[in-house]
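Novice: mmCIF, C-alpha atoms, file model34.cif:
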```cif
data_work
#
loop_
_atom_site.label_atom_id
_atom_site.label_comp_id
_atom_site.auth_asym_id
_atom_site.auth_seq_id
_atom_site.Cartn_x
_atom_site.Cartn_y
_atom_site.Cartn_z
CA MET P 1 2.44 3.45 3.58
CA LEU P 2 5.08 5.56 1.88
CA ILE P 3 2.96 8.71 2.07
CA PRO P 4 0.59 8.05 4.98
CA GLN P 5 -2.39 10.42 4.91
CA PHE P 6 -5.39 9.22 6.85
CA ALA P 7 -9.04 10.06 6.16
CA ASP P 8 -10.39 10.92 9.60
CA GLY P 9 -12.58 8.31 11.28
CA GLN P 10 -13.33 6.34 8.13
CA LEU P 11 -14.01 2.66 7.60
CA THR P 12 -12.79 1.48 4.20
CA SER P 13 -13.10 -1.86 2.44
CA ARG P 14 -12.20 -3.46 -0.87
CA ILE P 15 -12.27 -6.81 -2.62
CA GLU P 16 -10.04 -7.95 -5.48
CA ALA P 17 -10.89 -10.90 -7.71
CA GLY P 18 -9.13 -12.29 -10.76
CA GLY P 19 -6.89 -14.88 -12.30
CA LEU P 20 -3.17 -15.35 -11.58
CA ARG P 21 -0.59 -17.23 -13.58
CA THR P 22 2.82 -17.70 -12.00
CA ASP P 23 6.06 -19.62 -12.38
CA ALA P 24 7.80 -20.36 -9.07
CA SER P 25 10.90 -21.90 -10.65
CA GLY P 26 9.56 -25.43 -10.27
CA GLN P 27 8.81 -25.11 -6.55
CA ALA P 28 5.37 -26.30 -5.50
CA ALA P 29 4.72 -23.64 -2.85
CA ILE P 30 2.85 -21.52 -5.42
CA PRO P 31 0.43 -23.12 -7.89
CA THR P 32 0.76 -22.34 -11.59
CA ASP P 33 -2.77 -21.19 -12.46
CA ILE P 34 -5.33 -20.05 -9.90
CA TRP P 35 -8.31 -17.82 -9.29
CA ARG P 36 -7.68 -15.43 -6.41
CA VAL P 37 -10.05 -13.45 -4.15
CA ALA P 38 -8.64 -10.95 -1.63
CA PRO P 39 -10.90 -8.87 0.67
CA THR P 40 -9.50 -6.12 2.91
CA VAL P 41 -11.06 -3.83 5.51
CA GLY P 42 -9.52 -1.02 7.51
CA MET P 43 -10.15 1.90 9.83
CA ARG P 44 -8.18 5.09 9.29
CA GLY P 45 -8.09 8.05 11.65
CA PRO P 46 -5.99 11.14 12.37
CA HIS P 47 -3.78 9.28 14.85
CA GLY P 48 -3.33 5.97 13.06
CA SER P 49 -4.93 3.06 11.28
CA VAL P 50 -5.74 -0.62 11.55
CA SER P 51 -6.33 -3.05 8.69
CA LEU P 52 -7.24 -6.70 8.17
CA GLY P 53 -6.77 -8.67 4.99
CA SER P 54 -6.80 -12.18 3.60
CA SER P 55 -6.78 -14.06 0.33
CA ALA P 56 -8.06 -17.37 -0.99
CA TRP P 57 -7.14 -19.42 -4.07
CA TYR P 58 -9.36 -21.61 -6.19
CA GLY P 59 -7.53 -24.48 -7.82
CA ASN P 60 -7.95 -28.20 -8.34
CA GLN P 61 -11.73 -27.70 -7.96
CA SER P 62 -11.46 -26.47 -4.36
CA TRP P 63 -10.99 -23.25 -2.40
CA GLN P 64 -8.01 -22.80 -0.10
CA LEU P 65 -7.37 -20.04 2.43
CA VAL P 66 -3.86 -18.79 1.66
CA ASP P 67 -3.04 -16.03 4.11
CA GLY P 68 -4.38 -13.60 6.66
CA SER P 69 -2.92 -10.49 8.23
CA ILE P 70 -3.64 -7.71 10.70
CA GLY P 71 -1.66 -4.52 10.99
CA GLY P 72 -1.77 -1.16 12.67
CA THR P 73 -0.01 2.19 12.74
CA LEU P 74 0.14 4.85 15.45
CA VAL P 75 0.96 8.36 14.19
CA ALA P 76 2.39 11.16 16.31
CA PRO P 77 1.46 14.81 15.61
CA THR P 78 3.45 16.53 12.87
CA ILE P 79 5.92 19.08 14.25
CA TYR P 80 7.85 21.27 11.80
CA GLY P 81 7.26 18.76 9.03
CA VAL P 82 8.49 15.77 11.06
CA ARG P 83 6.18 12.90 12.02
CA ALA P 84 6.90 9.64 13.88
CA GLU P 85 5.07 6.32 13.36
CA LEU P 86 4.93 3.03 15.23
CA ILE P 87 4.03 0.11 12.95
CA GLY P 88 3.05 -3.45 13.84
CA ASN P 89 1.90 -6.42 11.76
CA ALA P 90 1.04 -10.07 12.26
CA SER P 91 0.46 -12.51 9.41
CA ARG P 92 -0.05 -16.19 8.73
CA ALA P 93 0.49 -17.98 5.41
CA TYR P 94 -1.35 -21.27 4.81
CA ASP P 95 -0.47 -23.71 2.08
CA ASP P 96 -0.96 -27.47 2.15
CA ARG P 97 1.74 -27.73 -0.54
CA SER P 98 4.37 -26.39 1.89
CA LEU P 99 4.88 -25.79 5.58
CA GLY P 100 3.53 -22.24 5.45
CA SER P 101 4.82 -19.52 7.75
CA ASP P 102 3.82 -17.03 10.42
CA GLN P 103 5.44 -13.71 11.22
CA VAL P 104 5.09 -10.85 13.70
CA ASP P 105 6.98 -7.63 13.10
CA VAL P 106 7.20 -4.21 14.72
CA GLY P 107 9.02 -1.10 13.59
CA THR P 108 9.26 2.65 13.76
CA ARG P 109 9.58 5.27 11.04
CA ILE P 110 10.36 9.00 10.98
CA ASN P 111 8.87 10.99 8.08
CA PHE P 112 10.25 14.30 6.86
CA ALA P 113 8.07 16.56 4.70
CA PHE P 114 10.23 18.92 2.62
CA SER P 115 7.10 20.33 0.95
CA LYS P 116 3.65 19.11 -0.07
CA ARG P 117 5.27 17.44 -3.08
CA ALA P 118 8.39 15.83 -1.64
CA GLY P 119 9.55 14.02 1.47
CA ALA P 120 11.71 11.25 2.92
CA TRP P 121 11.67 8.69 5.70
CA VAL P 122 14.02 6.49 7.73
CA GLY P 123 13.06 3.56 9.90
CA GLY P 124 13.81 0.15 11.26
CA GLY P 125 12.34 -2.83 13.05
CA VAL P 126 12.48 -6.51 13.96
CA ALA P 127 10.51 -9.57 12.86
CA ARG P 128 10.01 -13.02 14.31
CA PRO P 129 9.06 -15.76 11.81
CA TRP P 130 7.55 -19.12 12.83
CA ARG P 131 7.26 -22.35 10.86
CA VAL P 132 10.17 -21.18 8.69
CA THR P 133 12.92 -23.77 8.81
CA ALA P 134 15.74 -21.57 7.47
CA VAL P 135 15.38 -18.29 9.39
CA SER P 136 14.89 -17.60 13.11
CA THR P 137 15.10 -13.79 13.48
CA VAL P 138 15.07 -10.78 11.15
CA ASP P 139 15.96 -7.15 11.68
CA LEU P 140 15.79 -4.41 9.09
CA MET P 141 16.68 -0.80 8.40
CA ASN P 142 15.20 1.18 5.55
CA ALA P 143 15.20 4.69 4.13
CA GLY P 144 13.69 6.34 1.12
CA ALA P 145 12.38 9.46 -0.54
CA TRP P 146 9.37 10.40 -2.69
CA MET P 147 8.53 13.25 -5.02
CA ASP P 148 5.44 14.31 -6.96
CA VAL P 149 6.15 15.53 -10.48
CA GLY P 150 2.97 16.57 -12.25
CA ARG P 151 0.62 13.59 -11.99
CA ALA P 152 3.42 11.12 -11.28
CA THR P 153 4.87 10.05 -7.94
CA PHE P 154 8.46 8.75 -7.87
CA THR P 155 9.77 6.70 -4.95
CA ALA P 156 13.26 5.36 -4.15
CA THR P 157 13.86 2.93 -1.28
CA GLY P 158 16.81 1.15 0.27
CA THR P 159 16.30 -1.73 2.73
CA THR P 160 18.87 -3.84 4.60
CA LEU P 161 17.77 -7.17 6.08
CA GLY P 162 19.81 -8.96 8.73
CA LEU P 163 18.84 -12.62 9.18
CA THR P 164 19.89 -15.38 11.54
CA LYS P 165 19.89 -18.33 9.14
CA ILE P 166 20.26 -22.07 9.50
CA GLY P 167 22.30 -23.95 6.93
CA THR P 168 24.73 -26.79 6.44
CA SER P 169 28.39 -26.39 7.24
CA ASP P 170 29.37 -26.71 3.58
CA GLN P 171 27.03 -23.83 2.65
CA TYR P 172 28.25 -21.29 5.17
CA SER P 173 31.23 -20.44 7.29
CA SER P 174 29.61 -20.87 10.71
CA ILE P 175 29.62 -18.14 13.37
CA ASP P 176 28.23 -20.64 15.93
CA PRO P 177 29.23 -24.25 16.52
CA CYS P 178 27.52 -26.67 14.15
CA GLY P 179 24.98 -29.07 15.58
CA THR P 180 21.54 -30.64 15.26
CA PRO P 181 18.78 -28.02 14.82
CA SER P 182 16.00 -27.68 17.38
CA THR P 183 12.56 -26.07 17.55
CA SER P 184 14.02 -23.20 19.58
CA VAL P 185 15.47 -21.64 16.45
CA GLY P 186 12.30 -21.50 14.41
CA LEU P 187 11.62 -25.16 13.48
CA SER P 188 8.11 -26.37 14.23
CA ALA P 189 6.93 -29.85 15.00
CA ASP P 190 5.28 -29.85 11.56
CA ALA P 191 8.68 -29.59 9.92
CA THR P 192 9.62 -33.24 10.54
CA LEU P 193 10.88 -33.98 7.05
CA THR P 194 12.89 -30.80 6.75
CA THR P 195 14.33 -31.21 10.24
CA ALA P 196 15.36 -34.75 9.48
CA ALA P 197 17.01 -33.68 6.27
CA LEU P 198 19.03 -30.98 8.03
CA ALA P 199 19.87 -33.28 10.91
CA SER P 200 21.51 -35.67 8.47
CA GLN P 201 24.21 -33.05 8.01
CA GLU P 202 25.97 -30.69 10.38
CA THR P 203 23.95 -27.48 10.57
CA CYS P 204 25.08 -24.04 11.67
CA HIS P 205 23.54 -20.76 12.72
CA ARG P 206 24.82 -17.97 10.53
CA ARG P 207 24.22 -14.23 10.47
CA SER P 208 23.62 -13.06 6.89
CA GLN P 209 22.65 -9.76 5.31
CA VAL P 210 21.02 -8.67 2.06
CA SER P 211 20.26 -5.19 0.77
CA ASP P 212 17.47 -4.25 -1.64
CA PHE P 213 17.35 -1.05 -3.68
CA THR P 214 14.10 -0.27 -5.48
CA GLY P 215 12.67 2.50 -7.61
CA ALA P 216 8.96 2.93 -8.34
CA VAL P 217 6.67 5.29 -10.23
CA ARG P 218 2.89 5.75 -10.19
CA TRP P 219 1.33 7.84 -12.95
CA ASN P 220 -2.29 8.99 -12.66
CA LEU P 221 -4.03 9.77 -15.97
CA ASP P 222 -7.58 10.48 -14.76
CA ARG P 223 -9.38 7.17 -15.36
CA PHE P 224 -6.12 5.32 -16.03
CA GLU P 225 -3.22 4.53 -13.72
CA ILE P 226 0.16 3.06 -14.56
CA ALA P 227 2.56 1.80 -11.89
CA GLY P 228 5.98 0.22 -12.25
CA GLU P 229 8.78 -1.00 -10.00
CA GLY P 230 12.33 -2.22 -10.47
CA GLY P 231 14.90 -3.43 -7.98
CA HIS P 232 18.36 -4.85 -7.33
CA ARG P 233 19.53 -7.06 -4.43
CA ILE P 234 23.08 -7.39 -3.24
CA GLY P 235 24.61 -9.88 -0.80
CA GLN P 236 26.73 -13.01 -0.66
CA ALA P 237 26.06 -15.70 -3.24
CA ALA P 238 24.66 -18.08 -0.59
CA ASP P 239 22.06 -15.45 0.41
CA VAL P 240 21.01 -14.11 -2.99
CA PRO P 241 19.80 -16.68 -5.58
CA SER P 242 20.57 -15.89 -9.20
CA ASP P 243 16.88 -15.20 -9.94
CA SER P 244 16.72 -12.51 -7.20
CA HIS P 245 19.52 -10.17 -8.30
CA TYR P 246 17.16 -8.04 -10.42
CA TRP P 247 13.38 -7.78 -10.74
CA GLY P 248 10.71 -5.59 -12.25
CA SER P 249 6.93 -5.39 -12.60
CA ALA P 250 4.18 -3.13 -13.96
CA THR P 251 0.43 -2.72 -13.35
CA PHE P 252 -2.25 -1.02 -15.43
CA THR P 253 -5.54 0.09 -13.85
CA MET P 254 -8.58 1.39 -15.73
CA TRP P 255 -11.58 2.70 -13.77
CA VAL P 256 -14.74 1.54 -15.53
CA ALA P 257 -17.16 2.80 -12.84
CA PRO P 258 -16.92 4.98 -9.73
CA ARG P 259 -16.16 1.93 -7.55
CA ALA P 260 -14.89 -0.64 -10.04
CA ALA P 261 -11.62 -0.97 -11.92
CA PHE P 262 -10.04 -3.39 -14.38
CA VAL P 263 -6.51 -4.38 -13.36
CA MET P 264 -3.77 -6.22 -15.24
CA GLY P 265 -0.08 -6.60 -14.63
CA GLY P 266 2.94 -8.84 -14.57
CA GLY P 267 6.66 -9.10 -13.99
CA THR P 268 9.09 -10.75 -11.63
CA GLN P 269 9.46 -10.71 -7.85
CA PRO P 270 12.54 -11.67 -5.81
CA SER P 271 12.61 -14.35 -3.15
CA ASN P 272 11.51 -13.45 0.37
CA PRO P 273 14.35 -14.66 2.60
CA ALA P 274 12.42 -14.03 5.82
CA ARG P 275 9.44 -16.18 4.78
CA GLY P 276 11.18 -18.81 2.67
CA ILE P 277 9.17 -17.84 -0.43
CA PRO P 278 10.99 -18.38 -3.75
CA ALA P 279 11.40 -15.87 -6.56
CA ARG P 280 8.69 -15.96 -9.21
CA SER P 281 7.46 -14.49 -12.42
CA PHE P 282 3.76 -13.70 -12.59
CA GLY P 283 0.91 -12.33 -14.65
CA THR P 284 -2.46 -11.22 -13.32
CA ILE P 285 -5.76 -9.94 -14.66
CA GLY P 286 -8.93 -9.13 -12.75
CA MET P 287 -11.38 -6.63 -11.30
CA MET P 288 -11.17 -4.50 -8.17
CA PHE P 289 -14.32 -3.35 -6.35
CA ALA P 290 -14.84 -0.85 -3.54
CA TYR P 291 -18.18 -1.10 -1.80
CA ALA P 292 -20.12 1.07 0.68
CA GLN P 293 -18.21 2.74 3.50
CA THR P 294 -19.36 3.99 6.89
CA LYS P 295 -18.22 7.53 7.62
CA TYR P 296 -17.95 9.30 10.94
CA SER P 297 -18.34 13.05 11.47
CA VAL P 298 -15.15 14.29 13.08
CA PRO P 299 -13.12 17.45 12.53
CA VAL P 300 -10.94 17.41 9.42
CA THR P 301 -7.24 17.82 10.11
CA GLU P 302 -4.82 20.06 8.31
CA MET P 303 -3.31 16.98 6.64
CA ASN P 304 -6.70 16.01 5.21
CA LEU P 305 -7.31 19.47 3.72
CA ALA P 306 -3.93 19.38 1.97
CA ARG P 307 -5.03 16.45 -0.21
CA ILE P 308 -6.98 18.64 -2.65
CA ALA P 309 -4.47 18.92 -5.47
CA LEU P 310 -6.69 20.48 -8.15
CA PHE P 311 -9.92 22.47 -8.39
CA GLU P 312 -11.08 23.94 -11.67
CA ALA P 313 -14.21 24.91 -13.58
CA LYS P 314 -14.53 24.11 -17.29
CA PRO P 315 -17.22 25.71 -19.52
CA LEU P 316 -19.81 23.39 -21.07
CA ALA P 317 -23.03 24.57 -22.70
CA GLU P 318 -24.22 28.10 -22.05
CA GLY P 319 -24.94 28.57 -18.37
CA MET P 320 -23.20 25.30 -17.34
CA GLN P 321 -19.77 24.58 -15.90
CA LYS P 322 -18.04 21.26 -15.15
CA ILE P 323 -16.34 21.31 -11.75
CA VAL P 324 -13.26 19.05 -11.65
CA VAL P 325 -11.53 18.10 -8.39
CA ARG P 326 -8.45 15.93 -7.92
CA VAL P 327 -8.04 14.67 -4.36
CA ALA P 328 -6.34 11.51 -3.08
CA ARG P 329 -7.48 8.90 -0.57
CA VAL P 330 -11.06 10.04 0.03
CA GLU P 331 -14.40 8.34 -0.53
CA SER P 332 -16.72 11.33 -1.11
CA VAL P 333 -16.48 14.93 -2.32
CA ASP P 334 -19.30 17.50 -1.96
CA ILE P 335 -19.65 21.08 -3.19
CA MET P 336 -22.21 23.76 -2.46
CA GLY P 337 -22.71 27.43 -3.24
CA ASP P 338 -25.15 30.12 -4.27
CA PHE P 339 -25.92 28.07 -7.41
CA SER P 340 -27.34 25.25 -5.22
CA ASP P 341 -28.99 27.48 -2.59
CA TRP P 342 -26.19 26.24 -0.31
CA SER P 343 -27.41 22.65 -0.44
CA PRO P 344 -24.63 20.02 -0.74
CA LEU P 345 -24.15 18.35 -4.15
CA THR P 346 -22.23 15.07 -4.27
CA MET P 347 -19.60 14.87 -6.99
CA VAL P 348 -19.23 11.83 -9.27
CA ARG P 349 -16.09 9.73 -9.05
CA ARG P 350 -14.32 9.27 -12.40
CA GLY P 351 -11.17 7.54 -11.18
CA ARG P 352 -9.24 6.84 -7.99
CA ASP P 353 -8.44 10.53 -7.43
CA LEU P 354 -10.70 12.34 -9.95
CA TRP P 355 -14.17 13.79 -9.22
CA GLU P 356 -16.51 15.72 -11.56
CA LEU P 357 -19.92 17.41 -11.51
CA SER P 358 -21.77 19.65 -13.99
CA VAL P 359 -23.56 22.58 -12.31
CA PRO P 360 -25.57 25.61 -13.52
CA LEU P 361 -23.14 28.53 -13.36
CA GLY P 362 -23.81 31.53 -15.57
CA PRO P 363 -21.44 34.45 -16.13
CA GLY P 364 -20.67 36.46 -13.02
CA ARG P 365 -19.37 36.11 -9.47
CA HIS P 366 -20.25 32.96 -7.52
CA GLN P 367 -19.49 31.69 -4.03
CA ILE P 368 -18.56 28.03 -3.57
CA ASN P 369 -17.28 25.66 -0.86
CA ILE P 370 -16.01 22.07 -0.86
CA ARG P 371 -15.62 19.23 1.63
CA THR P 372 -14.21 15.69 1.61
CA ASP P 373 -15.54 12.64 3.45
CA GLY P 374 -18.26 14.68 5.17
CA GLY P 375 -15.73 16.90 6.95
CA LYS P 376 -15.37 20.64 7.32
CA TRP P 377 -16.47 22.96 4.50
CA ILE P 378 -13.55 24.96 3.10
CA ALA P 379 -12.87 27.35 0.24
CA PRO P 380 -11.52 25.48 -2.83
CA PRO P 381 -7.77 25.86 -3.29
CA GLY P 382 -6.68 28.41 -5.88
CA LEU P 383 -9.75 30.63 -5.50
CA PRO P 384 -9.92 34.01 -3.73
CA LYS P 385 -11.47 33.71 -0.27
CA VAL P 386 -13.99 35.95 1.52
CA SER P 387 -15.51 35.68 5.00
CA ASP P 388 -19.06 34.45 5.35
CA MET P 389 -21.65 35.29 8.00
CA PHE P 390 -20.72 32.19 10.04
CA SER P 391 -17.09 33.18 10.74
CA GLY P 392 -15.88 30.89 7.98
CA GLU P 393 -14.55 31.35 4.46
CA VAL P 394 -15.98 30.72 1.00
CA GLY P 395 -14.26 30.69 -2.36
CA VAL P 396 -15.10 33.20 -5.07
CA LEU P 397 -15.41 31.80 -8.60
CA ILE P 398 -15.61 34.25 -11.52
CA VAL P 399 -17.32 32.86 -14.63
CA LYS P 400 -16.84 34.89 -17.81
#
```
How does the structure come out when it is put into structure tokens?
Specialist:
Amino acid sequence: MLIPQFADGQLTSRIEAGGLRTDASGQAAIPTDIWRVAPTVGMRGPHGSVSLGSSAWYGNQSWQLVDGSIGGTLVAPTIYGVRAELIGNASRAYDDRSLGSDQVDVGTRINFAFSKRAGAWVGGGVARPWRVTAVSTVDLMNAGAWMDVGRATFTATGTTLGLTKIGTSDQYSSIDPCGTPSTSVGLSADATLTTAALASQETCHRRSQVSDFTGAVRWNLDRFEIAGEGGHRIGQAADVPSDSHYWGSATFTMWVAPRAAFVMGGGTQPSNPARGIPARSFGTIGMMFAYAQTKYSVPVTEMNLARIALFEAKPLAEGMQKIVVRVARVESVDIMGDFSDWSPLTMVRRGRDLWELSVPLGPGRHQINIRTDGGKWIAPPGLPKVSDMFSGEVGVLIVK
């Protein structure tokens, strides 16, 4: 979401499966050891996207549906490097060990592209939680910037959350008169025990605010990826538990097949004040699979063409060259040229963004084109271009 670039008219899907070990500071909302399965499916197009996701846990010899979500984004045309987005999400968390929670949120974001390797954004929105006994409304403002340096992407983000909270009079200095809580401020009928506990004391509505500052890096090393994040939260002591002042996590991904990767990671996460989820430390290990996609033939936008970050030919045995392409967020890459009698050849995926194919290319001058996700054929970046007989362009590759 930080660098939204949509593959035109493409249905994507993924499933993650693995084991999770966590410590929720003694709170029973999150089990200690579980198996987790999380499928997702989405549709991405030039003017936006929609996605659906869920996850299930296996523990105590039974499966339990944990959460489900649906989200969408509408994207305005880019004008002078500026693009606006409208974002909406709805989610439900299930857990028979706690009350669970629901939330609907909507927001807007303005993206600024300084170049193809750097940009920034600013945005804001509102959220409405349900079945959360401590929070009734949430509004947020956030801003950030990103930069590509070599094969690494660095991101810095600042987010301010404003929450209308419910607490006892000895916890907060009230901004509203204290009184017995009611369902109109976010308490559900299922929250009988919690409501009774709060009703035994004077409770107050209080406006509180916390600010999160995070830094993240993602480093792509062909078949390996390393990602890390660290953050700091500031706010009043009543709003920021001691285990949520600082956090950090890291993930390692190794692609073992074109559509399968081994994933492991761990670290700490802060509490989620809007959902009533406590801070936790965690460790995870598992596999990630991407399965068949359905593609639609639509024109490729300028944004899609800009994804091709690298195209090069490396000599192999005599008369053979290995074509290497680095391109993000696509599901297929094809090349063709005089060496294939202008028949498309599908490249082999070697990692999330890396594609390779060995082709017969002897010394001399060759013409070659490339396309992503079944879109428009273009000349590979970095090669000289010449016009073809169909009013298009082809790249010229010189093999010595």
Novice: List the spatial neighbours of Thr372 of chain P as a ChimeraX atom specification - criterion: any atom at most 8 Å away, only C-alpha atoms, same-chain residues fewer than 6 positions off excluded.
Specialist: /P:330-334
Novice: Apply the PyMOL selection byres ((chain P and resi 88) around 6) to the file shown and report the selected residues as a list in words.
Specialist: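 Taken over the shown coordinates, the PyMOL selection byres ((chain P and resi 88) around 6) returns Gly71, Gly72, Ile87, Asn89, Asp105 and Val106 of chain P.
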Novice: Limited to C-alpha atoms, could you put the picked residues into a file as a CSV table (one decimal), in the coordinates of the input?
Specialist:
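Output saved as again-v8.csv:
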```
chain,number,residue,atom,x,y,z
P,71,GLY,CA,-1.7,-4.5,11.0
P,72,GLY,CA,-1.8,-1.2,12.7
P,87,ILE,CA,4.0,0.1,13.0
P,89,ASN,CA,1.9,-6.4,11.8
P,105,ASP,CA,7.0,-7.6,13.1
P,106,VAL,CA,7.2,-4.2,14.7
```
Novice: Evaluate the PyMOL selection byres ((chain P and resi 36-40) around 9) on the structure here and hand back the selected residues as a list of chain:residue names.
Specialist: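 With the shown file as input, the PyMOL selection byres ((chain P and resi 36-40) around 9) matches P:Thr12, P:Ser13, P:Arg14, P:Ile15, P:Glu16, P:Ala17, P:Gly18, P:Gly19, P:Leu20, P:Ile34, P:Trp35, P:Val41, P:Gly42, P:Ser51, P:Leu52, P:Gly53, P:Ser54, P:Ser55, P:Ala56, P:Trp57, P:Tyr58.
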Novice: Could you state the separation of atom CA of Gly162 of chain P and atom CA of Arg109 of chain P in Å, given to one decimal place?
Specialist: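 So the answer is 17.7 Å.
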Novice: Please compute the atom CA of His245 of chain P-atom CA of Thr214 of chain P distance, one decimal, in Å.
Specialist: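 Separation between atom CA of His245 of chain P and atom CA of Thr214 of chain P: 11.6 Å.
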Novice: Hey, what's within 7 Å of segment 350-360 of chain P if we count all atoms listed in the file and toss same-chain stuff fewer than 4 positions away? As a list in words, please?
Specialist: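 Contacts, with the query itself left out: Asp222, Arg223, Trp255, Pro258, Gly319, Met320, Gln321, Lys322, Ile323, Val324, Val325, Arg326, Val327, Ala328 and Phe339 of chain P.
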Novice: Check which residues satisfy the PyMOL selection byres ((chain P and resi 274-284) around 6) in the file shown, then give them as JSON, numbers by chain.
Specialist: {"P": [19, 20, 21, 22, 23, 24, 264, 265, 266, 267, 268, 269, 270, 271, 272, 273, 285]}
Novice: Counting all atoms listed in the file, I want the residues whose atoms come within 7 Å of (5.4, 13.1, 8.8) in the file frame, returned as a ChimeraX atom specification.
Specialist: /P:78,81-84,110-113
Novice: Would you mind reading off the distance between atom CA of Met288 of chain P and atom CA of Ala260 of chain P, one decimal, in Å?
Specialist: 5.7 Å
Novice: Env of Val240 of chain P: 12 Å cut, atoms = all atoms listed in the file, seq-sep filter 2 positions within chain, self excluded. Answer as a ChimeraX atom specification.
Specialist: /P:161,208-212,232-238,242-246,270-273,278-279
Novice: Just checking: using all atoms listed in the file, which residue out of P:Tyr80, P:Asn60, P:Glu312, P:Val217 ends up closest to Val149 of chain P?
Specialist: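 When distances to Val149 of chain P are compared using all atoms listed in the file, the smallest one comes from P:Val217.
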Novice: Could you rebuild segment 38-52 of chain P with N, CA and C atoms and give it back as an mmCIF file, in the frame of the given file?
Specialist:
```
data_model
loop_
_atom_site.group_PDB
_atom_site.id
_atom_site.type_symbol
_atom_site.label_atom_id
_atom_site.label_comp_id
_atom_site.auth_asym_id
_atom_site.auth_seq_id
_atom_site.Cartn_x
_atom_site.Cartn_y
_atom_site.Cartn_z
ATOM 1 N N ALA P 38 -9.337 -11.559 -2.760
ATOM 2 C CA ALA P 38 -8.640 -10.950 -1.630
ATOM 3 C C ALA P 38 -9.435 -9.777 -1.069
ATOM 4 N N PRO P 39 -10.197 -9.990 0.024
ATOM 5 C CA PRO P 39 -10.900 -8.870 0.670
ATOM 6 C C PRO P 39 -10.012 -8.189 1.704
ATOM 7 N N THR P 40 -10.195 -6.879 1.878
ATOM 8 C CA THR P 40 -9.500 -6.120 2.910
ATOM 9 C C THR P 40 -10.487 -5.143 3.544
ATOM 10 N N VAL P 41 -10.254 -4.824 4.818
ATOM 11 C CA VAL P 41 -11.060 -3.830 5.510
ATOM 12 C C VAL P 41 -10.140 -3.087 6.471
ATOM 13 N N GLY P 42 -10.391 -1.796 6.650
ATOM 14 C CA GLY P 42 -9.520 -1.020 7.510
ATOM 15 C C GLY P 42 -10.230 0.183 8.098
ATOM 16 N N MET P 43 -9.660 0.688 9.176
ATOM 17 C CA MET P 43 -10.150 1.900 9.830
ATOM 18 C C MET P 43 -9.000 2.889 9.872
ATOM 19 N N ARG P 44 -9.227 4.079 9.326
ATOM 20 C CA ARG P 44 -8.180 5.090 9.290
ATOM 21 C C ARG P 44 -8.633 6.324 10.053
ATOM 22 N N GLY P 45 -7.771 6.867 10.870
ATOM 23 C CA GLY P 45 -8.090 8.050 11.650
ATOM 24 C C GLY P 45 -6.904 8.991 11.696
ATOM 25 N N PRO P 46 -7.064 10.148 12.352
ATOM 26 C CA PRO P 46 -5.990 11.140 12.370
ATOM 27 C C PRO P 46 -4.768 10.703 13.151
ATOM 28 N N HIS P 47 -4.900 9.704 14.025
ATOM 29 C CA HIS P 47 -3.780 9.280 14.850
ATOM 30 C C HIS P 47 -3.307 7.860 14.530
ATOM 31 N N GLY P 48 -3.800 7.290 13.424
ATOM 32 C CA GLY P 48 -3.330 5.970 13.060
ATOM 33 C C GLY P 48 -4.325 5.202 12.231
ATOM 34 N N SER P 49 -4.064 3.912 12.084
ATOM 35 C CA SER P 49 -4.930 3.060 11.280
ATOM 36 C C SER P 49 -4.802 1.623 11.730
ATOM 37 N N VAL P 50 -5.789 0.817 11.351
ATOM 38 C CA VAL P 50 -5.740 -0.620 11.550
ATOM 39 C C VAL P 50 -6.353 -1.275 10.325
ATOM 40 N N SER P 51 -5.822 -2.381 9.889
ATOM 41 C CA SER P 51 -6.330 -3.050 8.690
ATOM 42 C C SER P 51 -6.258 -4.557 8.866
ATOM 43 N N LEU P 52 -7.199 -5.236 8.202
ATOM 44 C CA LEU P 52 -7.240 -6.700 8.170
ATOM 45 C C LEU P 52 -7.374 -7.127 6.721
#
```
